[in-house]
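Working notes, structure below.
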Amino acid sequence: MTMITAAEYLARLDTALRDVPHGIASDIRAGIAEELSSLEPDAAQARIAQLGDPEQIAREAMDAAGYVPAVAAPAPPARRLPLTRTRGFAIAAAIALGGGGFVVPIVGWFAGVVMVLMSAMWRTWEKLVAVLLPSATFVLMAAVSALSQSWAAAGPEGSGVNPLMPNLALPGWHATLLIGFVLVPVSGLWLLWRMRGRSPVDTMRA
């Protein structure tokens, strides 16, 4: 064993006895410290060599006491987030909302609506804006078109136009293009933009 001082040996002994029951460790440490303090330096060195490694002393103490060090319990497996709370699900929901109708007309868009409403990545008002804005715009345009046609029918016979009101009728295919190719995709892109750098916890705190 390398020649060390009594203080160094006791410091190593303290480290080695950390897993030994406190009462046993205290008795061993106190006995060795008292013995070494009563010896001259040369004699203390000889006694340290006889005692051997502090780690071996600690192992023998635990074996004699029948003590088995406690084994740290394995860390519980990390809990997986529910699918609706993941960024992947939110991204798929935004894409389905913005483009699902092109793949499966109407049904694809409704599937995107359901996924967006289920996702925890957006606040409630953000979901409502993305879902209701295209729908409300379509209803408004249909109402304006119907009202304009009604005004046109009330105009002078044969003219088809009410001279007091402008013709606000919007051809159906124009409305379809506006809703299907502009507002719906934009709503999906807007949701993707809103979720940047965000986690589900952020939406719960808001």
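Following the order of the structure tokens, first chain is A, next is B, and so on, with residues numbered from 1 inside each chain and ligands from 1 in the order they appear.
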
**OP:** Quick one: everything within 9 Å of range 85-102 of chain A, counting only C-alpha atoms, minus sequence neighbours fewer than 6 positions away in the same chain. Send it as an NGL selection string.
**Re:** :A and (108-122 or 130-131 or 180 or 183-192 or 195 or 198-200)

Go ahead and write the selection's residues with N, CA and C atoms as a CSV table (one decimal), in the first residue's frame.
```csv
chain,number,residue,atom,x,y,z
A,108,GLY,N,-62.3,15.4,-46.2
A,108,GLY,CA,-61.0,15.7,-45.8
A,108,GLY,C,-60.9,16.9,-44.9
A,109,TRP,N,-61.7,17.9,-45.3
A,109,TRP,CA,-61.7,19.2,-44.5
A,109,TRP,C,-62.3,18.9,-43.1
A,110,PHE,N,-63.4,18.1,-43.1
A,110,PHE,CA,-64.0,17.8,-41.8
A,110,PHE,C,-63.1,17.0,-40.9
A,111,ALA,N,-62.3,16.1,-41.5
A,111,ALA,CA,-61.4,15.4,-40.7
A,111,ALA,C,-60.3,16.3,-40.1
A,112,GLY,N,-59.9,17.3,-40.9
A,112,GLY,CA,-58.9,18.3,-40.4
A,112,GLY,C,-59.5,19.1,-39.2
A,113,VAL,N,-60.8,19.4,-39.4
A,113,VAL,CA,-61.5,20.2,-38.3
A,113,VAL,C,-61.5,19.4,-37.0
A,114,VAL,N,-61.8,18.1,-37.1
A,114,VAL,CA,-61.8,17.3,-35.9
A,114,VAL,C,-60.5,17.2,-35.3
A,115,MET,N,-59.4,17.0,-36.1
A,115,MET,CA,-58.1,16.9,-35.5
A,115,MET,C,-57.6,18.2,-34.9
A,116,VAL,N,-57.9,19.3,-35.5
A,116,VAL,CA,-57.6,20.6,-34.9
A,116,VAL,C,-58.2,20.8,-33.6
A,117,LEU,N,-59.5,20.5,-33.5
A,117,LEU,CA,-60.2,20.6,-32.2
A,117,LEU,C,-59.7,19.7,-31.1
A,118,MET,N,-59.2,18.6,-31.5
A,118,MET,CA,-58.6,17.6,-30.6
A,118,MET,C,-57.2,18.0,-30.1
A,119,SER,N,-56.5,18.7,-30.9
A,119,SER,CA,-55.1,19.0,-30.6
A,119,SER,C,-55.0,20.0,-29.4
A,120,ALA,N,-53.9,19.8,-28.6
A,120,ALA,CA,-53.7,20.6,-27.4
A,120,ALA,C,-52.7,21.7,-27.7
A,121,MET,N,-52.3,21.9,-29.0
A,121,MET,CA,-51.2,22.8,-29.4
A,121,MET,C,-51.7,24.2,-29.6
A,122,TRP,N,-53.0,24.4,-29.7
A,122,TRP,CA,-53.6,25.7,-29.9
A,122,TRP,C,-54.6,26.1,-28.9
A,130,ALA,N,-59.6,29.5,-37.1
A,130,ALA,CA,-59.2,28.7,-38.2
A,130,ALA,C,-60.3,27.9,-38.8
A,131,VAL,N,-61.2,27.4,-38.0
A,131,VAL,CA,-62.4,26.6,-38.5
A,131,VAL,C,-63.5,27.4,-39.0
A,180,GLY,N,-62.1,27.5,-51.2
A,180,GLY,CA,-61.3,26.3,-51.3
A,180,GLY,C,-59.8,26.5,-51.5
A,183,LEU,N,-58.9,30.7,-48.5
A,183,LEU,CA,-59.1,30.8,-47.1
A,183,LEU,C,-58.8,29.5,-46.4
A,184,VAL,N,-59.2,28.4,-46.9
A,184,VAL,CA,-59.0,27.1,-46.2
A,184,VAL,C,-57.5,26.8,-46.1
A,185,PRO,N,-56.7,26.8,-47.2
A,185,PRO,CA,-55.3,26.6,-47.0
A,185,PRO,C,-54.6,27.7,-46.1
A,186,VAL,N,-55.0,28.9,-46.2
A,186,VAL,CA,-54.5,30.0,-45.3
A,186,VAL,C,-54.7,29.7,-43.9
A,187,SER,N,-55.9,29.1,-43.5
A,187,SER,CA,-56.2,28.8,-42.1
A,187,SER,C,-55.3,27.7,-41.6
A,188,GLY,N,-54.9,26.7,-42.4
A,188,GLY,CA,-54.0,25.7,-42.0
A,188,GLY,C,-52.6,26.3,-41.8
A,189,LEU,N,-52.2,27.2,-42.7
A,189,LEU,CA,-50.8,27.8,-42.6
A,189,LEU,C,-50.8,28.7,-41.4
A,190,TRP,N,-51.9,29.4,-41.1
A,190,TRP,CA,-52.0,30.3,-39.9
A,190,TRP,C,-51.8,29.5,-38.7
A,191,LEU,N,-52.4,28.3,-38.6
A,191,LEU,CA,-52.2,27.4,-37.4
A,191,LEU,C,-50.8,27.0,-37.2
A,192,LEU,N,-50.1,26.6,-38.3
A,192,LEU,CA,-48.7,26.2,-38.3
A,192,LEU,C,-47.9,27.4,-37.8
A,195,MET,N,-48.2,28.0,-33.9
A,195,MET,CA,-47.7,27.0,-33.0
A,195,MET,C,-46.1,27.0,-33.0
A,198,ARG,N,-43.9,26.6,-29.6
A,198,ARG,CA,-44.9,26.4,-28.6
A,198,ARG,C,-45.0,25.0,-28.2
A,199,SER,N,-45.3,24.7,-26.9
A,199,SER,CA,-45.6,23.4,-26.4
A,199,SER,C,-47.0,23.4,-25.9
A,200,PRO,N,-47.6,22.2,-25.7
A,200,PRO,CA,-49.0,22.1,-25.1
A,200,PRO,C,-49.1,22.9,-23.8
```

**OP:** With a distance cut-off of 6 Å and only C-alpha atoms, select the neighbouring residues of range 52-61 of chain A, excluding the residue or stretch itself and same-chain residues fewer than 5 positions from it, and output the selection as a list of chain:residue names.
**Re:** A:Leu13, A:Ala16, A:Leu17

For N, CA, C and O atoms, I'd like the residues from the last selection saved as an mmCIF file, in the first residue's frame.
```cif
data_model
loop_
_atom_site.group_PDB
_atom_site.id
_atom_site.type_symbol
_atom_site.label_atom_id
_atom_site.label_comp_id
_atom_site.auth_asym_id
_atom_site.auth_seq_id
_atom_site.Cartn_x
_atom_site.Cartn_y
_atom_site.Cartn_z
ATOM 1 N N LEU A 13 -10.860 6.350 4.554
ATOM 2 C CA LEU A 13 -11.727 5.465 5.314
ATOM 3 C C LEU A 13 -13.141 6.042 5.423
ATOM 4 O O LEU A 13 -14.129 5.311 5.301
ATOM 5 N N ALA A 16 -14.880 5.334 2.190
ATOM 6 C CA ALA A 16 -15.197 3.916 2.006
ATOM 7 C C ALA A 16 -16.349 3.468 2.893
ATOM 8 O O ALA A 16 -17.092 2.553 2.532
ATOM 9 N N LEU A 17 -16.510 4.106 4.056
ATOM 10 C CA LEU A 17 -17.539 3.682 5.010
ATOM 11 C C LEU A 17 -18.894 4.342 4.768
ATOM 12 O O LEU A 17 -19.803 4.176 5.581
#
```

Which residues are near Tyr9 in chain A? Cut-off 10 Å, only C-alpha atoms, ignore same chain within fewer than 3 positions. Put them as a PDB file with N, CA, C and O atoms, in the first residue's frame.
```pdb
ATOM      1  N   MET A   3       2.545   4.688   0.823  1.00  0.00           N
ATOM      2  CA  MET A   3       2.707   5.352   2.116  1.00  0.00           C
ATOM      3  C   MET A   3       1.876   6.628   2.139  1.00  0.00           C
ATOM      4  O   MET A   3       2.034   7.506   1.293  1.00  0.00           O
ATOM      5  N   ILE A   4       0.959   6.733   3.106  1.00  0.00           N
ATOM      6  CA  ILE A   4       0.137   7.925   3.284  1.00  0.00           C
ATOM      7  C   ILE A   4       0.118   8.291   4.745  1.00  0.00           C
ATOM      8  O   ILE A   4       0.440   7.467   5.619  1.00  0.00           O
ATOM      9  N   THR A   5      -0.265   9.507   5.022  1.00  0.00           N
ATOM     10  CA  THR A   5      -0.346   9.951   6.408  1.00  0.00           C
ATOM     11  C   THR A   5      -1.612   9.400   7.049  1.00  0.00           C
ATOM     12  O   THR A   5      -2.536   8.911   6.367  1.00  0.00           O
ATOM     13  N   ALA A   6      -1.640   9.492   8.382  1.00  0.00           N
ATOM     14  CA  ALA A   6      -2.815   9.019   9.117  1.00  0.00           C
ATOM     15  C   ALA A   6      -4.058   9.814   8.716  1.00  0.00           C
ATOM     16  O   ALA A   6      -5.155   9.244   8.569  1.00  0.00           O
ATOM     17  N   ARG A  12      -9.735   8.609   3.479  1.00  0.00           N
ATOM     18  CA  ARG A  12     -10.148   7.525   2.584  1.00  0.00           C
ATOM     19  C   ARG A  12     -11.092   6.566   3.286  1.00  0.00           C
ATOM     20  O   ARG A  12     -12.036   6.043   2.673  1.00  0.00           O
ATOM     21  N   LEU A  13     -10.860   6.350   4.554  1.00  0.00           N
ATOM     22  CA  LEU A  13     -11.727   5.465   5.314  1.00  0.00           C
ATOM     23  C   LEU A  13     -13.141   6.042   5.423  1.00  0.00           C
ATOM     24  O   LEU A  13     -14.129   5.311   5.301  1.00  0.00           O
ATOM     25  N   ASP A  14     -13.225   7.347   5.648  1.00  0.00           N
ATOM     26  CA  ASP A  14     -14.548   7.990   5.710  1.00  0.00           C
ATOM     27  C   ASP A  14     -15.323   7.774   4.410  1.00  0.00           C
ATOM     28  O   ASP A  14     -16.530   7.495   4.424  1.00  0.00           O
ATOM     29  N   ILE A  32      -9.955   3.114  14.772  1.00  0.00           N
ATOM     30  CA  ILE A  32      -8.725   3.275  13.982  1.00  0.00           C
ATOM     31  C   ILE A  32      -8.099   4.634  14.231  1.00  0.00           C
ATOM     32  O   ILE A  32      -6.869   4.754  14.364  1.00  0.00           O
ATOM     33  N   ALA A  33      -8.916   5.686  14.313  1.00  0.00           N
ATOM     34  CA  ALA A  33      -8.376   7.024  14.557  1.00  0.00           C
ATOM     35  C   ALA A  33      -7.678   7.088  15.901  1.00  0.00           C
ATOM     36  O   ALA A  33      -6.588   7.686  16.035  1.00  0.00           O
ATOM     37  N   LEU A  36      -4.285   5.115  15.671  1.00  0.00           N
ATOM     38  CA  LEU A  36      -3.237   5.790  14.915  1.00  0.00           C
ATOM     39  C   LEU A  36      -2.721   7.028  15.631  1.00  0.00           C
ATOM     40  O   LEU A  36      -1.530   7.374  15.529  1.00  0.00           O
ATOM     41  N   GLN A  45       2.628   4.371  10.250  1.00  0.00           N
ATOM     42  CA  GLN A  45       2.737   3.911   8.868  1.00  0.00           C
ATOM     43  C   GLN A  45       2.696   2.388   8.804  1.00  0.00           C
ATOM     44  O   GLN A  45       2.053   1.797   7.925  1.00  0.00           O
ATOM     45  N   ILE A  48      -0.877   1.261   9.397  1.00  0.00           N
ATOM     46  CA  ILE A  48      -1.715   1.515   8.228  1.00  0.00           C
ATOM     47  C   ILE A  48      -1.512   0.419   7.194  1.00  0.00           C
ATOM     48  O   ILE A  48      -2.474  -0.068   6.570  1.00  0.00           O
ATOM     49  N   GLY A  52      -4.553  -2.269   5.802  1.00  0.00           N
ATOM     50  CA  GLY A  52      -4.922  -2.489   4.415  1.00  0.00           C
ATOM     51  C   GLY A  52      -5.835  -1.394   3.876  1.00  0.00           C
ATOM     52  O   GLY A  52      -6.060  -0.364   4.512  1.00  0.00           O
ATOM     53  N   ASP A  53      -6.344  -1.636   2.680  1.00  0.00           N
ATOM     54  CA  ASP A  53      -7.176  -0.638   2.003  1.00  0.00           C
ATOM     55  C   ASP A  53      -8.452  -0.358   2.796  1.00  0.00           C
ATOM     56  O   ASP A  53      -9.111  -1.292   3.281  1.00  0.00           O
ATOM     57  N   PRO A  54      -8.833   0.912   2.922  1.00  0.00           N
ATOM     58  CA  PRO A  54     -10.091   1.242   3.604  1.00  0.00           C
ATOM     59  C   PRO A  54     -11.303   0.586   2.942  1.00  0.00           C
ATOM     60  O   PRO A  54     -12.261   0.218   3.624  1.00  0.00           O
TER      61      PRO A  54
END
```

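Comparing the minimum interatomic distances between Arg194 in chain A and each of A:Val129, A:Ala143, A:Val20, A:Ala136, counting only C-alpha atoms, we find that A:Val129 sits nearest.
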
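Pairwise distance (CA of Ala43 in chain A, CA of Arg29 in chain A) equals 18.3 Å.
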
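We find CA of Ala11 in chain A and CA of Pro41 in chain A to be spaced 16.9 Å apart.
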